[in-house]
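> Please find start_4.cif (mmCIF, C-alpha atoms) on the next line:
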```cif
data_model
loop_
_atom_site.label_atom_id
_atom_site.label_comp_id
_atom_site.auth_asym_id
_atom_site.auth_seq_id
_atom_site.Cartn_x
_atom_site.Cartn_y
_atom_site.Cartn_z
CA MET A 23 1.37 2.91 -6.44
CA MET A 24 1.47 2.24 -10.15
CA SER A 25 4.56 2.38 -12.34
CA GLN A 26 2.99 4.32 -15.20
CA GLU A 27 3.80 8.02 -15.29
CA ILE A 28 1.08 10.49 -14.38
CA LEU A 29 0.62 14.19 -14.96
CA ILE A 30 0.54 16.16 -11.75
CA SER A 31 -1.55 19.25 -11.28
CA THR A 32 -1.99 20.40 -7.71
CA PRO A 33 -5.58 21.59 -7.29
CA LYS A 34 -6.14 24.75 -5.30
CA LEU A 35 -7.81 23.80 -2.05
CA GLN A 36 -10.80 26.03 -1.44
CA THR A 37 -11.34 27.39 2.05
CA PRO A 38 -14.66 26.01 3.26
CA SER A 39 -16.89 26.99 6.16
CA SER A 40 -15.17 25.51 9.23
CA SER A 41 -18.23 23.90 10.80
CA ARG A 42 -19.53 22.46 7.54
CA ALA A 43 -16.09 21.22 6.48
CA ALA A 44 -15.44 19.57 9.84
CA LEU A 45 -18.88 17.94 9.69
CA SER A 46 -18.04 16.43 6.29
CA LEU A 47 -15.34 14.28 7.95
CA THR A 48 -17.84 12.59 10.28
CA PRO A 49 -18.69 9.79 7.82
CA LEU A 50 -15.05 8.66 7.91
CA LEU A 51 -15.16 8.48 11.72
CA ILE A 52 -18.39 6.49 11.50
CA PHE A 53 -16.73 4.00 9.15
CA PHE A 54 -13.74 3.71 11.50
CA THR A 55 -16.02 3.09 14.46
CA LEU A 56 -18.17 0.48 12.74
CA PHE A 57 -15.43 -1.47 10.97
CA ILE A 58 -12.57 -1.35 13.45
CA GLY A 59 -14.77 -1.16 16.55
CA THR A 60 -16.79 -4.23 15.57
CA GLY A 61 -13.64 -6.18 14.75
CA VAL A 62 -12.02 -5.30 18.08
CA TYR A 63 -15.22 -6.21 19.97
CA PHE A 64 -15.47 -9.66 18.40
CA THR A 65 -11.73 -10.19 18.90
CA PHE A 66 -12.16 -9.75 22.65
CA GLN A 67 -15.15 -12.09 22.46
CA GLY A 68 -12.87 -14.77 21.04
CA VAL A 69 -14.77 -14.99 17.75
CA ASP A 70 -12.81 -16.39 14.79
CA TYR A 71 -12.33 -14.02 11.84
CA ALA A 72 -13.51 -11.16 14.06
CA PHE A 73 -12.97 -8.46 11.44
CA TYR A 74 -15.07 -10.39 8.92
CA GLN A 75 -18.19 -10.45 11.10
CA LEU A 76 -19.11 -7.06 9.64
CA PRO A 77 -17.75 -6.97 6.08
CA ALA A 78 -16.04 -3.66 5.27
CA PRO A 79 -18.16 -2.97 2.14
CA VAL A 80 -21.25 -3.14 4.36
CA ALA A 81 -19.70 -1.12 7.21
CA ILE A 82 -18.97 1.77 4.85
CA LEU A 83 -22.56 2.05 3.53
CA PRO A 84 -23.93 4.05 6.51
CA ALA A 85 -20.96 6.42 6.20
CA ILE A 86 -21.72 6.98 2.51
CA ALA A 87 -25.41 7.58 3.23
CA ILE A 88 -24.55 10.17 5.89
CA ALA A 89 -21.96 11.84 3.61
CA ILE A 90 -24.63 12.28 0.94
CA ALA A 91 -27.22 13.44 3.49
CA ILE A 92 -25.00 16.19 4.97
CA SER A 93 -23.68 17.34 1.61
CA HIS A 94 -24.55 20.95 0.79
CA GLU A 95 -25.15 19.89 -2.82
CA ARG A 96 -28.43 18.77 -4.31
CA LEU A 97 -29.04 15.04 -4.03
CA GLU A 98 -28.42 14.45 -7.74
CA ASN A 99 -25.12 16.37 -7.63
CA ALA A 100 -23.94 14.58 -4.49
CA ILE A 101 -24.62 11.20 -6.08
CA GLU A 102 -22.78 12.34 -9.22
CA THR A 103 -19.77 13.34 -7.08
CA PHE A 104 -19.85 9.92 -5.43
CA ILE A 105 -19.94 8.16 -8.81
CA LYS A 106 -17.06 10.28 -10.13
CA GLY A 107 -15.03 9.26 -7.09
CA ILE A 108 -15.72 5.61 -7.86
CA GLY A 109 -14.67 6.16 -11.45
CA ASP A 110 -11.38 7.89 -10.58
CA SER A 111 -8.57 6.54 -12.75
CA SER A 112 -6.45 5.48 -9.75
CA ILE A 113 -9.38 3.51 -8.30
CA ILE A 114 -10.10 1.79 -11.62
CA ALA A 115 -6.41 0.95 -12.11
CA MET A 116 -6.26 -0.49 -8.60
CA CYS A 117 -9.28 -2.71 -9.22
CA LEU A 118 -7.83 -3.97 -12.51
CA ILE A 119 -4.69 -4.96 -10.62
CA TYR A 120 -6.91 -6.85 -8.18
CA LEU A 121 -8.43 -8.84 -11.04
CA LEU A 122 -5.11 -9.62 -12.69
CA ALA A 123 -3.57 -10.53 -9.33
CA GLY A 124 -6.47 -12.85 -8.52
CA ALA A 125 -6.24 -14.60 -11.88
CA PHE A 126 -2.45 -14.96 -11.68
CA ALA A 127 -2.59 -16.34 -8.12
CA SER A 128 -5.31 -18.84 -9.03
CA LEU A 129 -3.53 -20.04 -12.18
CA THR A 130 -0.09 -20.43 -10.60
CA LYS A 131 -1.58 -22.34 -7.67
CA SER A 132 -3.49 -24.69 -10.01
CA ILE A 133 -0.44 -25.61 -12.08
CA GLY A 134 1.81 -26.05 -9.03
CA ALA A 135 4.00 -23.05 -9.81
CA VAL A 136 3.70 -21.70 -6.27
CA ASP A 137 4.86 -24.99 -4.74
CA ALA A 138 7.71 -25.13 -7.24
CA VAL A 139 8.90 -21.65 -6.24
CA VAL A 140 8.62 -22.40 -2.52
CA ASN A 141 10.58 -25.65 -2.77
CA GLY A 142 13.09 -24.00 -5.08
CA ILE A 143 13.65 -21.22 -2.49
CA LEU A 144 13.99 -23.76 0.33
CA ASN A 145 16.48 -25.69 -1.78
CA LEU A 146 18.69 -22.64 -2.30
CA VAL A 147 18.22 -20.72 0.97
CA PRO A 148 18.48 -22.04 4.55
CA SER A 149 15.09 -22.06 6.26
CA SER A 150 16.39 -19.60 8.88
CA LEU A 151 16.94 -16.98 6.16
CA VAL A 152 13.78 -17.51 4.09
CA LEU A 153 11.65 -14.85 5.78
CA PRO A 154 14.31 -12.10 5.79
CA GLY A 155 15.01 -13.09 2.18
CA LEU A 156 11.34 -12.58 1.36
CA PHE A 157 11.65 -8.96 2.55
CA VAL A 158 14.63 -8.44 0.23
CA ILE A 159 12.84 -10.02 -2.74
CA ALA A 160 9.76 -7.85 -2.18
CA ALA A 161 11.93 -4.73 -1.82
CA ILE A 162 13.84 -5.40 -5.07
CA LEU A 163 10.70 -6.27 -7.02
CA SER A 164 8.82 -3.22 -5.74
CA PHE A 165 11.73 -0.90 -6.51
CA SER A 166 11.90 -2.34 -10.03
CA MET A 167 8.15 -2.24 -10.71
CA GLY A 168 7.45 1.03 -8.91
CA THR A 169 4.34 -0.38 -7.28
CA SER A 170 3.64 -2.00 -3.95
CA MET A 171 0.35 -3.40 -5.23
CA GLY A 172 1.94 -5.08 -8.24
CA THR A 173 4.65 -6.54 -6.00
CA LEU A 174 2.12 -7.96 -3.55
CA ALA A 175 0.04 -9.37 -6.40
CA ALA A 176 3.08 -11.25 -7.72
CA LEU A 177 4.45 -12.50 -4.38
CA ILE A 178 1.34 -13.22 -2.29
CA PRO A 179 0.86 -16.77 -3.67
CA ILE A 180 4.45 -17.59 -2.69
CA GLY A 181 3.96 -15.97 0.71
CA VAL A 182 0.80 -17.97 1.44
CA ALA A 183 2.54 -21.24 0.54
CA LEU A 184 5.62 -20.33 2.58
CA SER A 185 3.53 -19.59 5.66
CA GLU A 186 1.98 -23.06 5.39
CA THR A 187 5.29 -24.80 4.71
CA LEU A 188 7.22 -22.99 7.45
CA GLN A 189 4.22 -23.22 9.79
CA VAL A 190 4.38 -19.53 10.72
CA PRO A 191 1.40 -17.16 11.02
CA GLY A 192 0.08 -15.82 7.75
CA ALA A 193 -0.03 -12.34 9.30
CA LEU A 194 3.74 -12.52 9.84
CA VAL A 195 4.51 -13.34 6.21
CA ALA A 196 1.96 -10.73 5.08
CA GLY A 197 3.69 -8.11 7.25
CA ILE A 198 7.08 -8.98 5.79
CA LEU A 199 5.73 -8.69 2.24
CA LEU A 200 4.08 -5.38 3.09
CA SER A 201 7.30 -4.01 4.57
CA GLY A 202 9.39 -4.94 1.55
CA ALA A 203 6.78 -3.68 -0.92
CA VAL A 204 6.50 -0.28 0.78
CA PHE A 205 10.30 0.05 0.99
CA GLY A 206 10.72 -0.43 -2.77
CA ASP A 207 7.69 1.68 -3.70
CA ASN A 208 8.89 4.58 -1.57
CA LEU A 209 12.35 4.57 -3.19
CA SER A 210 11.50 3.74 -6.80
CA VAL A 211 11.89 6.62 -9.25
CA ILE A 212 9.08 5.21 -11.44
CA SER A 213 6.55 4.92 -8.61
CA ASP A 214 3.49 7.16 -8.82
CA THR A 215 4.18 8.43 -5.31
CA SER A 216 7.73 9.45 -6.27
CA ILE A 217 6.51 11.15 -9.44
CA ALA A 218 3.79 12.99 -7.51
CA ALA A 219 6.19 14.00 -4.71
CA THR A 220 8.92 15.34 -7.01
CA ARG A 221 6.55 17.24 -9.29
CA THR A 222 4.48 18.87 -6.55
CA GLN A 223 7.59 19.88 -4.58
CA GLY A 224 9.78 20.81 -7.56
CA ALA A 225 12.53 18.27 -6.86
CA THR A 226 14.44 15.96 -9.18
CA ALA A 227 13.95 12.20 -9.03
CA LYS A 228 17.66 11.65 -8.38
CA ASP A 229 17.82 14.04 -5.42
CA LYS A 230 14.63 12.67 -3.92
CA LEU A 231 15.92 9.08 -4.26
CA LYS A 232 19.16 9.99 -2.46
CA GLN A 233 17.27 11.81 0.27
CA ASN A 234 14.89 8.90 0.83
CA ALA A 235 17.64 6.28 0.72
CA TYR A 236 19.46 7.78 3.72
CA LEU A 237 16.26 7.38 5.74
CA ALA A 238 14.88 4.15 4.28
CA ILE A 239 18.03 1.99 4.21
CA PRO A 240 18.81 2.26 7.97
CA ALA A 241 15.18 1.43 8.76
CA ALA A 242 15.30 -1.55 6.37
CA LEU A 243 18.54 -2.89 7.86
CA ILE A 244 17.12 -2.74 11.40
CA CYS A 245 13.97 -4.43 10.13
CA LEU A 246 16.00 -7.23 8.51
CA LEU A 247 17.92 -7.84 11.73
CA LEU A 248 14.67 -8.08 13.67
CA TYR A 249 13.14 -10.50 11.17
CA SER A 250 16.30 -12.63 11.19
CA TYR A 251 16.53 -12.81 14.96
CA TRP A 252 12.90 -12.94 16.05
CA VAL A 253 10.87 -14.80 13.47
CA SER A 254 13.15 -17.27 11.71
CA PRO A 255 11.99 -20.92 11.92
CA GLY A 256 14.66 -23.11 13.46
CA GLU A 257 13.85 -26.59 12.21
CA GLN A 258 15.03 -28.07 8.93
CA LEU A 259 12.19 -28.45 6.47
CA GLU A 260 11.54 -31.24 4.02
CA ILE A 261 12.08 -30.12 0.42
CA LYS A 262 9.70 -31.73 -2.02
CA GLU A 263 10.37 -32.40 -5.69
CA TYR A 264 9.50 -29.62 -8.08
CA SER A 265 9.43 -29.02 -11.81
CA LEU A 266 11.71 -26.30 -13.15
CA ILE A 267 9.31 -25.52 -16.00
CA LYS A 268 6.77 -24.30 -13.47
CA LEU A 269 9.16 -21.57 -12.33
CA ILE A 270 8.80 -19.83 -15.72
CA PRO A 271 5.82 -17.53 -14.84
CA TYR A 272 7.64 -16.10 -11.83
CA LEU A 273 10.97 -15.81 -13.61
CA LEU A 274 9.29 -13.84 -16.40
CA ILE A 275 7.60 -11.53 -13.90
CA LEU A 276 10.91 -10.91 -12.13
CA VAL A 277 12.84 -10.22 -15.35
CA PHE A 278 10.28 -7.83 -16.85
CA ALA A 279 9.67 -6.07 -13.55
CA ILE A 280 13.38 -5.38 -13.17
CA LYS A 281 13.34 -3.98 -16.71
CA GLY A 282 10.73 -1.50 -15.49
CA TRP A 283 7.81 -2.68 -17.60
CA ASN A 284 4.28 -1.54 -16.75
CA VAL A 285 2.66 -3.58 -13.97
CA PHE A 286 -0.38 -4.44 -16.12
CA LEU A 287 1.83 -5.82 -18.87
CA VAL A 288 3.99 -7.74 -16.38
CA LEU A 289 0.99 -9.44 -14.76
CA THR A 290 -0.56 -10.19 -18.16
CA ILE A 291 2.67 -11.88 -19.28
CA GLY A 292 2.64 -13.87 -16.04
CA ILE A 293 -0.94 -15.01 -16.66
CA ILE A 294 -0.29 -16.03 -20.28
CA SER A 295 2.89 -17.91 -19.37
CA ALA A 296 1.06 -19.74 -16.54
CA ILE A 297 -1.65 -20.84 -19.00
CA ILE A 298 0.94 -22.07 -21.51
CA VAL A 299 2.85 -23.98 -18.83
CA GLY A 300 -0.44 -25.44 -17.56
CA PHE A 301 -1.40 -26.82 -20.96
CA ALA A 302 2.15 -27.99 -21.73
CA ASP A 303 2.38 -29.92 -18.46
CA ALA A 304 -1.16 -31.31 -18.73
CA ASP A 305 -2.42 -29.38 -15.70
CA PHE A 306 -5.24 -27.83 -17.73
CA VAL A 307 -7.76 -29.60 -19.93
CA GLY A 308 -10.26 -27.92 -22.25
CA MET A 309 -12.01 -24.89 -20.73
CA GLU A 310 -10.72 -25.49 -17.22
CA VAL A 311 -8.40 -22.51 -17.44
CA SER A 312 -11.34 -20.10 -17.76
CA LYS A 313 -12.91 -21.48 -14.59
CA VAL A 314 -9.65 -21.14 -12.69
CA MET A 315 -9.26 -17.53 -13.80
CA TYR A 316 -12.82 -16.71 -12.80
CA GLU A 317 -12.21 -18.17 -9.35
CA GLY A 318 -9.32 -15.73 -9.07
CA PHE A 319 -11.60 -12.86 -10.06
CA THR A 320 -14.25 -13.76 -7.50
CA SER A 321 -11.66 -14.05 -4.71
CA MET A 322 -11.15 -10.28 -5.06
CA GLN A 323 -14.83 -9.37 -4.80
CA GLU A 324 -14.73 -7.80 -1.33
CA ILE A 325 -11.71 -5.54 -1.84
CA PHE A 326 -12.99 -4.68 -5.32
CA LEU A 327 -16.25 -3.36 -3.86
CA LEU A 328 -14.61 -1.59 -0.93
CA SER A 329 -12.10 0.21 -3.16
CA PHE A 330 -14.95 1.59 -5.24
CA LEU A 331 -16.90 2.72 -2.18
CA VAL A 332 -13.87 4.29 -0.44
CA GLY A 333 -13.13 6.23 -3.65
CA GLY A 334 -16.68 7.58 -3.71
CA LEU A 335 -16.65 8.52 -0.02
CA GLY A 336 -13.31 10.30 -0.40
CA ALA A 337 -14.68 12.34 -3.32
CA LEU A 338 -17.69 13.45 -1.23
CA MET A 339 -15.47 14.59 1.64
CA GLN A 340 -13.12 16.39 -0.72
CA LYS A 341 -15.97 18.20 -2.47
CA ALA A 342 -17.45 19.25 0.88
CA GLY A 343 -14.12 20.82 1.86
CA GLY A 344 -13.30 18.39 4.64
CA LEU A 345 -9.83 17.58 3.35
CA ALA A 346 -8.93 21.26 2.82
CA TRP A 347 -10.13 22.06 6.36
CA LEU A 348 -8.09 19.17 7.76
CA VAL A 349 -4.94 20.40 5.99
CA GLU A 350 -5.46 23.97 7.29
CA LYS A 351 -5.94 22.72 10.85
CA LEU A 352 -2.75 20.66 10.70
CA VAL A 353 -0.80 23.65 9.40
CA SER A 354 -2.14 25.89 12.16
CA TRP A 355 -1.35 23.32 14.86
CA PHE A 356 2.29 23.02 13.83
CA GLY A 357 2.76 26.65 12.88
CA LEU A 358 3.61 28.11 9.50
CA ARG A 359 6.75 30.02 10.37
CA GLY A 360 9.59 30.22 12.82
CA SER A 361 10.73 26.63 13.23
CA LYS A 362 12.02 24.28 10.57
CA LYS A 363 11.29 21.38 12.88
CA ARG A 364 7.60 22.28 13.22
CA THR A 365 7.33 22.95 9.50
CA GLN A 366 8.76 19.57 8.60
CA MET A 367 6.41 17.92 11.08
CA ALA A 368 3.54 19.80 9.44
CA ILE A 369 4.58 18.61 5.97
CA LEU A 370 4.88 15.00 7.15
CA ALA A 371 1.60 15.05 9.07
CA THR A 372 -0.39 16.90 6.43
CA CYS A 373 0.25 14.27 3.79
CA GLY A 374 -0.17 11.40 6.24
CA VAL A 375 -3.48 12.57 7.66
CA THR A 376 -4.81 13.40 4.19
CA ASN A 377 -4.04 9.79 3.28
CA LEU A 378 -6.20 8.63 6.19
CA ALA A 379 -9.17 10.21 4.46
CA VAL A 380 -8.57 9.16 0.86
CA ALA A 381 -6.75 5.81 1.40
CA ASN A 382 -4.53 6.48 -1.62
CA ASN A 383 -0.94 7.68 -1.15
CA THR A 384 -0.57 9.22 -4.61
CA VAL A 385 -3.85 11.13 -4.37
CA SER A 386 -2.98 12.39 -0.88
CA ILE A 387 0.34 13.79 -2.15
CA ILE A 388 -1.43 15.58 -4.99
CA LEU A 389 -4.20 16.96 -2.76
CA SER A 390 -1.78 18.34 -0.17
CA GLY A 391 0.97 19.26 -2.67
CA LYS A 392 0.22 22.96 -2.89
CA VAL A 393 0.18 23.64 0.83
CA THR A 394 3.22 21.43 1.59
CA LYS A 395 5.19 23.20 -1.13
CA GLN A 396 4.19 26.56 0.36
CA LEU A 397 5.30 25.44 3.81
CA ALA A 398 8.65 24.26 2.47
CA ASP A 399 9.29 27.51 0.59
CA GLU A 400 8.42 29.76 3.53
CA SER A 401 10.77 27.90 5.89
CA GLU A 402 13.51 27.50 3.26
CA ILE A 403 13.32 23.72 3.29
CA SER A 404 14.84 22.15 0.19
CA ALA A 405 12.57 20.66 -2.45
CA LYS A 406 14.24 17.25 -2.15
CA ARG A 407 13.61 17.26 1.61
CA SER A 408 9.91 18.16 1.31
CA ALA A 409 9.47 15.61 -1.51
CA SER A 410 10.95 12.94 0.72
CA LEU A 411 8.74 13.92 3.67
CA VAL A 412 5.46 13.88 1.73
CA ASP A 413 6.30 10.51 0.17
CA ILE A 414 7.22 8.97 3.51
CA GLY A 415 4.19 10.45 5.27
CA SER A 416 1.79 9.04 2.70
CA CYS A 417 3.45 5.62 2.30
CA VAL A 418 3.72 4.89 6.03
CA ILE A 419 0.05 5.70 6.65
CA GLN A 420 -1.09 3.86 3.51
CA GLY A 421 0.68 0.70 4.62
CA MET A 422 -1.03 0.82 8.02
CA LEU A 423 -4.60 1.40 6.80
CA PRO A 424 -6.84 -1.67 7.27
CA TYR A 425 -9.07 -0.24 4.52
CA GLY A 426 -6.11 0.58 2.27
CA ALA A 427 -5.52 -1.43 -0.90
CA GLN A 428 -2.40 -3.21 0.37
CA CYS A 429 -3.85 -4.53 3.65
CA LEU A 430 -7.13 -5.44 1.98
CA LEU A 431 -5.32 -7.49 -0.66
CA LEU A 432 -3.19 -9.22 1.96
CA GLY A 433 -6.18 -9.89 4.19
CA ALA A 434 -8.21 -11.44 1.39
CA SER A 435 -5.30 -13.55 0.11
CA PHE A 436 -4.09 -14.87 3.48
CA ALA A 437 -7.65 -15.21 4.87
CA ILE A 438 -6.77 -12.96 7.82
CA SER A 439 -8.01 -9.65 9.17
CA PRO A 440 -6.79 -6.66 7.12
CA VAL A 441 -5.53 -5.27 10.43
CA ALA A 442 -3.29 -8.30 11.06
CA PRO A 443 -0.40 -7.57 8.61
CA VAL A 444 0.31 -4.21 10.26
CA GLN A 445 1.48 -5.78 13.54
CA TYR A 446 4.39 -7.42 11.66
CA ALA A 447 5.11 -4.66 9.14
CA TRP A 448 7.93 -3.35 11.32
CA TYR A 449 9.57 -1.37 8.54
CA LEU A 450 6.74 1.19 8.60
CA PRO A 451 7.17 2.44 12.20
CA LEU A 452 10.95 2.15 11.85
CA LEU A 453 10.93 4.42 8.79
CA LEU A 454 8.72 6.91 10.63
CA PHE A 455 11.04 6.81 13.67
CA VAL A 456 14.18 7.42 11.57
CA THR A 457 12.43 10.30 9.78
CA LEU A 458 11.29 11.91 13.04
CA ALA A 459 14.80 11.52 14.44
CA SER A 460 16.24 13.33 11.42
CA ILE A 461 13.83 16.19 12.12
CA ALA A 462 14.44 16.30 15.86
CA PHE A 463 18.26 16.19 15.64
CA PRO A 464 19.19 18.34 12.61
CA ARG A 465 22.87 18.60 13.55
CA PHE A 466 23.25 14.87 12.85
CA ASP A 467 21.11 15.02 9.69
CA PHE A 468 23.83 15.57 7.08
CA ILE A 469 21.59 14.35 4.26
CA ARG A 470 19.71 17.65 3.99
CA LYS A 471 22.79 19.48 2.79
#
```
Please lay out the structure from this file as structure tokens.


Amino acid sequence: MMSQEILISTPKLQTPSSSRAALSLTPLLIFFTLFIGTGVYFTFQGVDYAFYQLPAPVAILPAIAIAIAISHERLENAIETFIKGIGDSSIIAMCLIYLLAGAFASLTKSIGAVDAVVNGILNLVPSSLVLPGLFVIAAILSFSMGTSMGTLAALIPIGVALSETLQVPGALVAGILLSGAVFGDNLSVISDTSIAATRTQGATAKDKLKQNAYLAIPAALICLLLYSYWVSPGEQLEIKEYSLIKLIPYLLILVFAIKGWNVFLVLTIGIISAIIVGFADADFVGMEVSKVMYEGFTSMQEIFLLSFLVGGLGALMQKAGGLAWLVEKLVSWFGLRGSKKRTQMAILATCGVTNLAVANNTVSIILSGKVTKQLADESEISAKRSASLVDIGSCVIQGMLPYGAQCLLLGASFAISPVAPVQYAWYLPLLLFVTLASIAFPRFDFIRK
């Protein structure tokens, strides 16, 4: 998710008591039932903003309470585990990105930079190609930055304005952004997921990139054709006047992202340049800039809180052995030996299902790294193939999670349900389909050799 390099050490998953370990996963099911169930119920009732009737940070509280109550640790130790989960470096980094993204979005909107970019795009690109082009821009930016979150943070303000200008559903634009961001993140050699996948499976970044590209590019091309044919607006849109100077914050972000600079530094440069442009063009006066930035911070309050709480809940389930039990069950269902097809399915599913519990693709790869590597070795599956499978399994599930960082950010920014972007993120099921096809029909899968 982030472009900075991380050290990978695959922890040995302890074998827990089956009944106790299985019980430790119940809080996650309770959260699913409360959050998604309530949203679906109110949707059928015709209530607006159905998934916001029960805010996710509130829906997860009963699950956390139950996770602490059923923990075999003392109360003080269980609470300490929960707090350590909140303080995990990946969770903190994610929340800092939220803050920077909120500030950047608020500043660029205030100075008119978003409108300038939108009108500039409409001036250069026919309206019928704007939405497919947005997928390509997100894919390039994400591949360059190595982070889907950083890409979404940079492009969401443009996406929101485009959805209003083109008069298309915000969920559609959000799904397109999500698709492009996941495509680039999955392929990028500087992405945390790629680093985790290659190091846990013993593959090289180059081999893993080549392996992934043969699966990801066909899925992306099909996705582009679908976006071009099905969702392109047909009418000619009015292009308003715009100031070229207000394009500077986005141009700087694009340039430095392509250079591979750290996402925190890229967003900081974007914020500083937006402030300078705002003062130079008389959009800001006095201390107004601080108020605008704070508005951006507060817009991220809900996903900020939920990310903390999900991190704590995941730590409790991991400590109780629930994740290790889940991995063992998946392995036993698919079978350890005898069939390369079943083994590859086990590798793909193990990482994907682990991601369901922790809502973090990098962490899920690390947690399941030891057992997926063992599976690959026993069935003589190449390291580059297993690295590709674990990365795809985690990224596809992460992009579909309504309580995952990407959907939460999109939901908050577009003022839609966090479930909504998934219905238009067609690249995710397409990538999964292409991957499953490569497993099911090995004689046509020349990329493994």

> Every residue with an atom at most 10 Å from (15.7, -5.3, 2.5) (file coordinates; only C-alpha atoms) is what I'm after, so could you write them as a list in words?

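Neighbouring residues, ordered by chain and number, come to Pro154, Gly155, Leu156, Phe157, Val158, Ile159, Ala160, Ala161, Ile162, Ile198, Ser201, Gly202, Ala203, Phe205, Gly206, Ala238, Ile239, Pro240, Ala241, Ala242, Leu243, Ile244, Cys245, Leu246, Leu247 and Tyr449 of chain A.
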
> To verify the selection step, state as a PyMOL selection string which residues the PyMOL selection byres ((chain A and resi 374) around 10) yields on this input.

chain A and resi 368-373+375-379+381+383+386-387+390+411-420

> Using the file's own x, y and z axes, what box holds all listed atoms of region 216-221 of chain A with 5 Å on each side, keeping edges along x, y and z, and what are its centre and edge lengths in Å to one decimal, as AutoDock Vina command-line options?


```
--center_x 6.4 --center_y 13.3 --center_z -7.1 --size_x 15.1 --size_y 17.8 --size_z 14.7
```

> Have a look at CA of Ile217 (chain A) and CA of Val385 (chain A) and let me know their distance in Å, one decimal.

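Spanning CA of Ile217 (chain A) to CA of Val385 (chain A) is a straight-line distance of 11.5 Å.
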
> In terms of the shortest atom-to-atom distance over all atoms listed in the file, which of A:Lys230, A:Lys106, A:Arg407, A:Lys313 is closest to Lys362 (chain A)?

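Result for the nearest residue to Lys362 (chain A): A:Arg407.
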
> Please, what distance in Å, to one decimal, runs between CA of Ala81 (chain A) and CA of Asp110 (chain A)?

21.6 Å

> Could you pull the residues within 10 Å of Ser312 (chain A), counting only C-alpha atoms, minus those fewer than 4 positions along the same chain, as a PDB file with C-alpha atoms, in the coordinates of the input?


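New file out_39.pdb:
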```pdb
ATOM      1  CA  ALA A 125      -6.240 -14.600 -11.880  1.00  0.00           C
ATOM      2  CA  LEU A 129      -3.530 -20.040 -12.180  1.00  0.00           C
ATOM      3  CA  ILE A 297      -1.650 -20.840 -19.000  1.00  0.00           C
ATOM      4  CA  PHE A 306      -5.240 -27.830 -17.730  1.00  0.00           C
ATOM      5  CA  GLY A 308     -10.260 -27.920 -22.250  1.00  0.00           C
ATOM      6  CA  TYR A 316     -12.820 -16.710 -12.800  1.00  0.00           C
ATOM      7  CA  GLU A 317     -12.210 -18.170  -9.350  1.00  0.00           C
ATOM      8  CA  GLY A 318      -9.320 -15.730  -9.070  1.00  0.00           C
TER       9      GLY A 318
END
```

> Between CA of Cys429 (chain A) and CA of Lys406 (chain A), what is the spacing in Å?

28.9 Å

> May I have the protein, DNA and RNA residues with any atom at most 8 Å from the point (6.5, 26.1, -5.2), counting all atoms listed in the file, written as an MDAnalysis selection string?

chainID A and resid 222:224 392 395:396 399

> Write out as a VMD selection string each polymer residue whose atoms come within 9 Å of region 424-428 of chain A, counting all atoms listed in the file; drop sequence neighbours fewer than 2 positions from it.

chain A and resid 58 78 116 170 to 171 174 200 325 328 to 329 332 378 381 to 382 420 to 422 430 to 433 439 to 444

> Let me know the residues the PyMOL selection byres ((chain A and resi 456) around 10) catches in the file above, as a ChimeraX atom specification.

/A:236-241,451-455,457-462

> Find the residue from A:Thr290, A:Asn99, A:Ser435, A:Ser295 that sits nearest to Leu118 (chain A); use all atoms listed in the file when measuring.

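Selected residue with least distance to Leu118 (chain A): A:Thr290.
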
> Under the PyMOL selection byres ((chain A and resi 267-275) around 10), which residues of this model are included? Write them out as a ChimeraX atom specification.

/A:126,130,133-140,142,163,167,173,176-177,180,264-266,276-281,283,285,287-300,302-303

> Could you pull the residues within 9 Å of Leu76 (chain A), counting only C-alpha atoms, minus those fewer than 4 positions along the same chain, as JSON, numbers by chain?

{"A": [56, 57, 60, 61, 72, 80, 81]}

> Can you write out the residues you just picked, keeping C-alpha atoms, as a short mmCIF file (atom, residue, chain, number, x, y, z; two decimals), in the coordinates of the input?


```cif
data_model
loop_
_atom_site.label_atom_id
_atom_site.label_comp_id
_atom_site.auth_asym_id
_atom_site.auth_seq_id
_atom_site.Cartn_x
_atom_site.Cartn_y
_atom_site.Cartn_z
CA LEU A 56 -18.17 0.48 12.74
CA PHE A 57 -15.43 -1.47 10.97
CA THR A 60 -16.79 -4.23 15.57
CA GLY A 61 -13.64 -6.18 14.75
CA ALA A 72 -13.51 -11.16 14.06
CA VAL A 80 -21.25 -3.14 4.36
CA ALA A 81 -19.70 -1.12 7.21
#
```

> For Leu199 (chain A), which of A:Ile92, A:Ser164, A:Gln340, A:Ile114 is the closest residue, counting all atoms listed in the file?

A:Ser164

> Quick one: of A:Thr169, A:Thr55, A:Asn145, A:Gln323, who's nearest to Glu263 (chain A), counting only C-alpha atoms?

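When distances to Glu263 (chain A) are compared using only C-alpha atoms, the smallest one comes from A:Asn145.
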